[in-house]
Every structure is written in C-alpha cells, then in structure tokens.
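Peer 1: Data file work.pdb (PDB, C-alpha atoms, pLDDT in the B column) is appended below.
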MODEL        1
ATOM      1  CA  MET B   1      80.821  21.028  32.659  1.00 55.00           C
ATOM      2  CA  ILE B   2      81.872  17.861  34.476  1.00 58.00           C
ATOM      3  CA  GLN B   3      80.058  14.707  33.434  1.00 66.00           C
ATOM      4  CA  VAL B   4      78.953  12.295  36.114  1.00 73.00           C
ATOM      5  CA  SER B   5      79.959   8.716  35.432  1.00 90.00           C
ATOM      6  CA  ALA B   6      77.658   5.774  36.014  1.00 91.00           C
ATOM      7  CA  TYR B   7      79.872   4.797  38.967  1.00 91.00           C
ATOM      8  CA  ASP B   8      79.583   8.285  40.508  1.00 91.00           C
ATOM      9  CA  ALA B   9      75.810   8.187  40.056  1.00 92.00           C
ATOM     10  CA  TRP B  10      75.664   4.734  41.649  1.00 93.00           C
ATOM     11  CA  LEU B  11      77.843   5.917  44.533  1.00 93.00           C
ATOM     12  CA  GLU B  12      75.683   8.997  45.081  1.00 93.00           C
ATOM     13  CA  ALA B  13      72.581   6.776  45.171  1.00 94.00           C
ATOM     14  CA  GLN B  14      74.055   4.780  48.071  1.00 95.00           C
ATOM     15  CA  PHE B  15      73.425   7.737  50.396  1.00 96.00           C
ATOM     16  CA  ALA B  16      70.267   9.714  51.091  1.00 96.00           C
ATOM     17  CA  LEU B  17      69.923  12.965  53.003  1.00 97.00           C
ATOM     18  CA  ASP B  18      68.348  12.475  56.403  1.00 97.00           C
ATOM     19  CA  ASP B  19      66.365  15.656  57.010  1.00 97.00           C
ATOM     20  CA  ARG B  20      66.335  15.202  60.779  1.00 97.00           C
ATOM     21  CA  LEU B  21      70.100  14.763  61.105  1.00 97.00           C
ATOM     22  CA  GLY B  22      71.048  17.002  58.212  1.00 96.00           C
ATOM     23  CA  ILE B  23      73.570  14.548  56.734  1.00 97.00           C
ATOM     24  CA  PRO B  24      73.403  11.855  54.059  1.00 97.00           C
ATOM     25  CA  LEU B  25      73.151   8.340  55.490  1.00 95.00           C
ATOM     26  CA  PRO B  26      73.910   4.996  53.844  1.00 94.00           C
ATOM     27  CA  ARG B  27      70.976   3.568  51.902  1.00 94.00           C
ATOM     28  CA  PHE B  28      72.601   0.693  50.062  1.00 92.00           C
ATOM     29  CA  GLY B  29      70.801  -0.609  47.009  1.00 89.00           C
ATOM     30  CA  VAL B  30      72.622  -3.921  47.391  1.00 90.00           C
ATOM     31  CA  PRO B  31      73.964  -5.634  50.509  1.00 91.00           C
ATOM     32  CA  TRP B  32      77.524  -4.710  51.519  1.00 90.00           C
ATOM     33  CA  GLU B  33      78.654  -8.297  50.953  1.00 91.00           C
ATOM     34  CA  GLU B  34      77.533  -8.145  47.304  1.00 93.00           C
ATOM     35  CA  MET B  35      79.523  -4.992  46.502  1.00 92.00           C
ATOM     36  CA  ASN B  36      82.839  -5.430  44.737  1.00 92.00           C
ATOM     37  CA  ALA B  37      86.063  -3.985  46.160  1.00 91.00           C
ATOM     38  CA  LEU B  38      85.846  -0.786  44.093  1.00 91.00           C
ATOM     39  CA  GLU B  39      82.265  -0.152  45.199  1.00 91.00           C
ATOM     40  CA  ARG B  40      83.093  -0.785  48.847  1.00 92.00           C
ATOM     41  CA  ALA B  41      86.118   1.506  48.671  1.00 91.00           C
ATOM     42  CA  GLY B  42      84.005   4.241  47.096  1.00 92.00           C
ATOM     43  CA  VAL B  43      81.306   3.895  49.745  1.00 93.00           C
ATOM     44  CA  VAL B  44      83.887   4.026  52.545  1.00 92.00           C
ATOM     45  CA  GLU B  45      85.566   7.074  50.997  1.00 93.00           C
ATOM     46  CA  ARG B  46      82.238   8.871  50.582  1.00 94.00           C
ATOM     47  CA  TRP B  47      81.215   7.953  54.139  1.00 94.00           C
ATOM     48  CA  GLU B  48      84.495   9.304  55.520  1.00 93.00           C
ATOM     49  CA  LEU B  49      83.786  12.661  53.840  1.00 94.00           C
ATOM     50  CA  ILE B  50      80.294  12.730  55.342  1.00 95.00           C
ATOM     51  CA  ARG B  51      81.535  11.480  58.707  1.00 95.00           C
ATOM     52  CA  GLY B  52      84.142  14.234  58.806  1.00 95.00           C
ATOM     53  CA  ARG B  53      81.357  16.833  58.863  1.00 96.00           C
ATOM     54  CA  ILE B  54      79.536  15.268  61.810  1.00 97.00           C
ATOM     55  CA  PRO B  55      81.538  17.018  64.591  1.00 98.00           C
ATOM     56  CA  ASP B  56      80.624  20.414  63.093  1.00 97.00           C
ATOM     57  CA  ALA B  57      76.977  19.349  62.916  1.00 98.00           C
ATOM     58  CA  ILE B  58      77.117  18.322  66.577  1.00 98.00           C
ATOM     59  CA  MET B  59      78.708  21.620  67.614  1.00 98.00           C
ATOM     60  CA  ALA B  60      76.001  23.552  65.757  1.00 98.00           C
ATOM     61  CA  ARG B  61      73.295  21.616  67.601  1.00 98.00           C
ATOM     62  CA  GLU B  62      75.054  22.141  70.922  1.00 98.00           C
ATOM     63  CA  ALA B  63      75.031  25.887  70.236  1.00 98.00           C
ATOM     64  CA  GLU B  64      71.314  25.617  69.486  1.00 98.00           C
ATOM     65  CA  ILE B  65      70.740  23.906  72.852  1.00 98.00           C
ATOM     66  CA  ARG B  66      72.644  26.685  74.647  1.00 98.00           C
ATOM     67  CA  ARG B  67      70.483  29.266  72.855  1.00 98.00           C
ATOM     68  CA  LEU B  68      67.288  27.413  73.786  1.00 98.00           C
ATOM     69  CA  LEU B  69      68.428  27.051  77.408  1.00 98.00           C
ATOM     70  CA  ALA B  70      69.106  30.786  77.617  1.00 98.00           C
ATOM     71  CA  GLU B  71      65.642  31.449  76.246  1.00 98.00           C
ATOM     72  CA  LEU B  72      64.125  28.940  78.670  1.00 98.00           C
ATOM     73  CA  PHE B  73      65.872  30.617  81.603  1.00 97.00           C
ATOM     74  CA  GLU B  74      64.179  33.928  80.728  1.00 97.00           C
ATOM     75  CA  GLU B  75      60.778  32.515  79.732  1.00 97.00           C
ATOM     76  CA  GLU B  76      57.836  33.006  82.102  1.00 97.00           C
ATOM     77  CA  ASP B  77      55.070  31.409  80.035  1.00 98.00           C
ATOM     78  CA  PHE B  78      54.621  27.765  81.099  1.00 98.00           C
ATOM     79  CA  VAL B  79      53.388  26.560  77.706  1.00 98.00           C
ATOM     80  CA  ARG B  80      56.368  28.155  75.972  1.00 98.00           C
ATOM     81  CA  CYS B  81      58.698  26.567  78.584  1.00 98.00           C
ATOM     82  CA  CYS B  82      57.253  23.170  77.717  1.00 98.00           C
ATOM     83  CA  SER B  83      57.776  23.850  74.030  1.00 98.00           C
ATOM     84  CA  LEU B  84      61.382  24.899  74.633  1.00 98.00           C
ATOM     85  CA  ASN B  85      61.987  21.746  76.684  1.00 98.00           C
ATOM     86  CA  ASP B  86      60.642  19.666  73.786  1.00 98.00           C
ATOM     87  CA  GLU B  87      62.973  21.452  71.355  1.00 98.00           C
ATOM     88  CA  ILE B  88      65.934  20.887  73.680  1.00 98.00           C
ATOM     89  CA  ALA B  89      65.112  17.188  74.050  1.00 98.00           C
ATOM     90  CA  GLU B  90      64.744  16.721  70.279  1.00 98.00           C
ATOM     91  CA  THR B  91      68.010  18.542  69.594  1.00 98.00           C
ATOM     92  CA  ALA B  92      69.781  16.403  72.208  1.00 98.00           C
ATOM     93  CA  SER B  93      68.340  13.309  70.529  1.00 98.00           C
ATOM     94  CA  VAL B  94      69.729  14.448  67.172  1.00 98.00           C
ATOM     95  CA  ILE B  95      73.158  14.954  68.777  1.00 98.00           C
ATOM     96  CA  HIS B  96      72.998  11.440  70.203  1.00 98.00           C
ATOM     97  CA  ASP B  97      72.095   9.958  66.819  1.00 98.00           C
ATOM     98  CA  LEU B  98      74.886  11.922  65.113  1.00 98.00           C
ATOM     99  CA  GLN B  99      77.352  10.550  67.670  1.00 97.00           C
ATOM    100  CA  ILE B 100      76.204   7.009  66.870  1.00 96.00           C
ATOM    101  CA  TRP B 101      76.677   7.599  63.140  1.00 96.00           C
ATOM    102  CA  TYR B 102      80.091   9.148  63.785  1.00 95.00           C
ATOM    103  CA  ARG B 103      81.223   5.916  65.443  1.00 91.00           C
ATOM    104  CA  THR B 104      79.845   3.727  62.643  1.00 86.00           C
ATOM    105  CA  GLN B 105      83.127   3.521  60.710  1.00 67.00           C
ATOM    106  CA  GLN B 106      85.040   2.548  63.815  1.00 47.00           C
ATOM    107  CA  ASP B 107      82.539  -0.252  64.374  1.00 47.00           C
ATOM    108  CA  LEU B 108      83.011  -1.478  60.799  1.00 50.00           C
ATOM    109  CA  GLU B 109      86.791  -1.521  61.231  1.00 48.00           C
ATOM    110  CA  GLU B 110      86.511  -3.506  64.477  1.00 45.00           C
ATOM    111  CA  GLU B 111      84.149  -5.977  62.774  1.00 50.00           C
ATOM    112  CA  ASN B 112      86.616  -6.444  59.901  1.00 49.00           C
ATOM    113  CA  ILE B 113      89.451  -7.067  62.378  1.00 39.00           C
ATOM    114  CA  LYS B 114      87.372  -9.714  64.124  1.00 45.00           C
ATOM    115  CA  ARG B 115      86.545 -11.435  60.821  1.00 45.00           C
ATOM    116  CA  HIS B 116      90.035 -11.271  59.377  1.00 41.00           C
ATOM    117  CA  GLY B 117      92.238 -11.219  62.468  1.00 42.00           C
TER     118      GLY B 117
ENDMDL
END
Go ahead and render the structure in this file as structure tokens.

Peer 2:
Amino acid sequence: MIQVSAYDAWLEAQFALDDRLGIPLPRFGVPWEEMNALERAGVVERWELIRGRIPDAIMAREAEIRRLLAELFEEEDFVRCCSLNDEIAETASVIHDLQIWYRTQQDLEEENIKRHG
C-alpha cells in the first residue's frame, strides 16, 4: 500500500471536484503568492494533468448535445421540446466553462511573462 505524504495530501486539498463540470478545480487554501516554489510547482503539475482531460470532457458533452438535438428533432411534445432545449443550453454552458478553465494555464503564463518580462 502506498502511503500519502503530507505534501500529497496538501496538494490534493488544493483542488475540489466540481460536480457540474466533472473536473477538479483549484480551491487554494492559501493565496498563490504565499505558496513556496515547491507548492506552486506541484499545483501547476496537478493542474496540467486535470487540464489535459478537459478536451475529452468537452467532446463527451458535444456528443451529448448531438444526441439531445437528434431527440429534439424527433420530439412532438412541446413540453418535452422545452426540456430538451434547457438540457442543450445547460450542456453548452458547461462546454463554455470547460473551455475557460482549459485556457486558465495559458493566462497564468501570459501574466508571469508580463510580470517578469
């Protein structure tokens, strides 16, 4: 059995699963500026692993929208059509939010270049 170090536990606690998006998001216990270099590097590494799964999450939601649109195209009940439209809009909103989170690292890199360049 692998033991979890205090550092690993701390690192894990810096992210919390967002049920709506289906991915862990940063939930820092201390401000970024107060983290030491090792902590920052660990957070960035963990975020890159999470971030790398975002395109697959987006593709899965896009497939869900295509399925809902196909169902909507065949649906004759107005109330059900409204419900399907709501589901499509919510799924599109999730995709949008995932795209924003996917770009987060790029934004951090640009900010660091501005501060240090």

Peer 1: I'd like the contact shell of Arg51 of chain B - 9 Å cut-off, all atoms listed in the file, skipping same-chain residues fewer than 6 positions apart - returned as a PyMOL selection string.

Peer 2: chain B and resi 23+101-105

Peer 1: Mind checking which residues fall within 12 Å of Asp56 of chain B, counting all atoms listed in the file, ignoring those fewer than 5 positions away in the same chain, and posting them as a PyMOL selection string?

Peer 2: chain B and resi 22-23+50-51+61-63+95+98-99+102

Peer 1: Please measure the separation of atom CA of Ala9 of chain B and atom CA of Glu33 of chain B, giving the value in Å to one decimal.

Peer 2: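 Separation between atom CA of Ala9 of chain B and atom CA of Glu33 of chain B: 20.0 Å.
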
Peer 1: Do you have the atom CA of Arg66 of chain B-atom CA of Arg80 of chain B distance handy?

Peer 2: 16.4 Å

Peer 1: For a quick check of understanding, using only C-alpha atoms, which of B:Ile54, B:Ala70, B:Val79, B:Leu84 has the smallest distance to Leu21 of chain B?

Peer 2: B:Ile54

Peer 1: For Trp47 of chain B, which of B:Tyr7, B:Phe15, B:Leu69, B:Met59 is the closest residue, counting all atoms listed in the file?

Peer 2: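 Residue with the minimum atom-to-atom distance to Trp47 of chain B: B:Phe15.
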
Peer 1: At a cut-off of 12 Å, using all atoms listed in the file, what residues contact Glu12 of chain B? Leave out same-chain residues fewer than 5 positions from it and give the result as a PyMOL selection string.

Peer 2: chain B and resi 4-7+17+24-29+39+42-43+45-47+50

Peer 1: Would you mind telling me which residue in B:Glu48, B:Glu64, B:Glu34, B:Asp8 lies nearest to Glu90 of chain B when using all atoms listed in the file?

Peer 2: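 For Glu90 of chain B, the nearest of the candidates is B:Glu64.
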
Peer 1: So what do you get for atom CA of Leu68 of chain B versus atom CA of Ile88 of chain B, distance-wise?

Peer 2: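 So the two atoms, atom CA of Leu68 of chain B and atom CA of Ile88 of chain B, lie 6.7 Å apart.
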
Peer 1: Report the centre and edge lengths, in Å to one decimal, of an axis-aligned box enclosing every atom of segment 36-55 of chain B listed in the file, padded by 8 Å on each side, as JSON.

Peer 2:
{"center_x": 82.8, "center_y": 5.8, "center_z": 54.3, "size_x": 22.6, "size_y": 38.4, "size_z": 36.5}
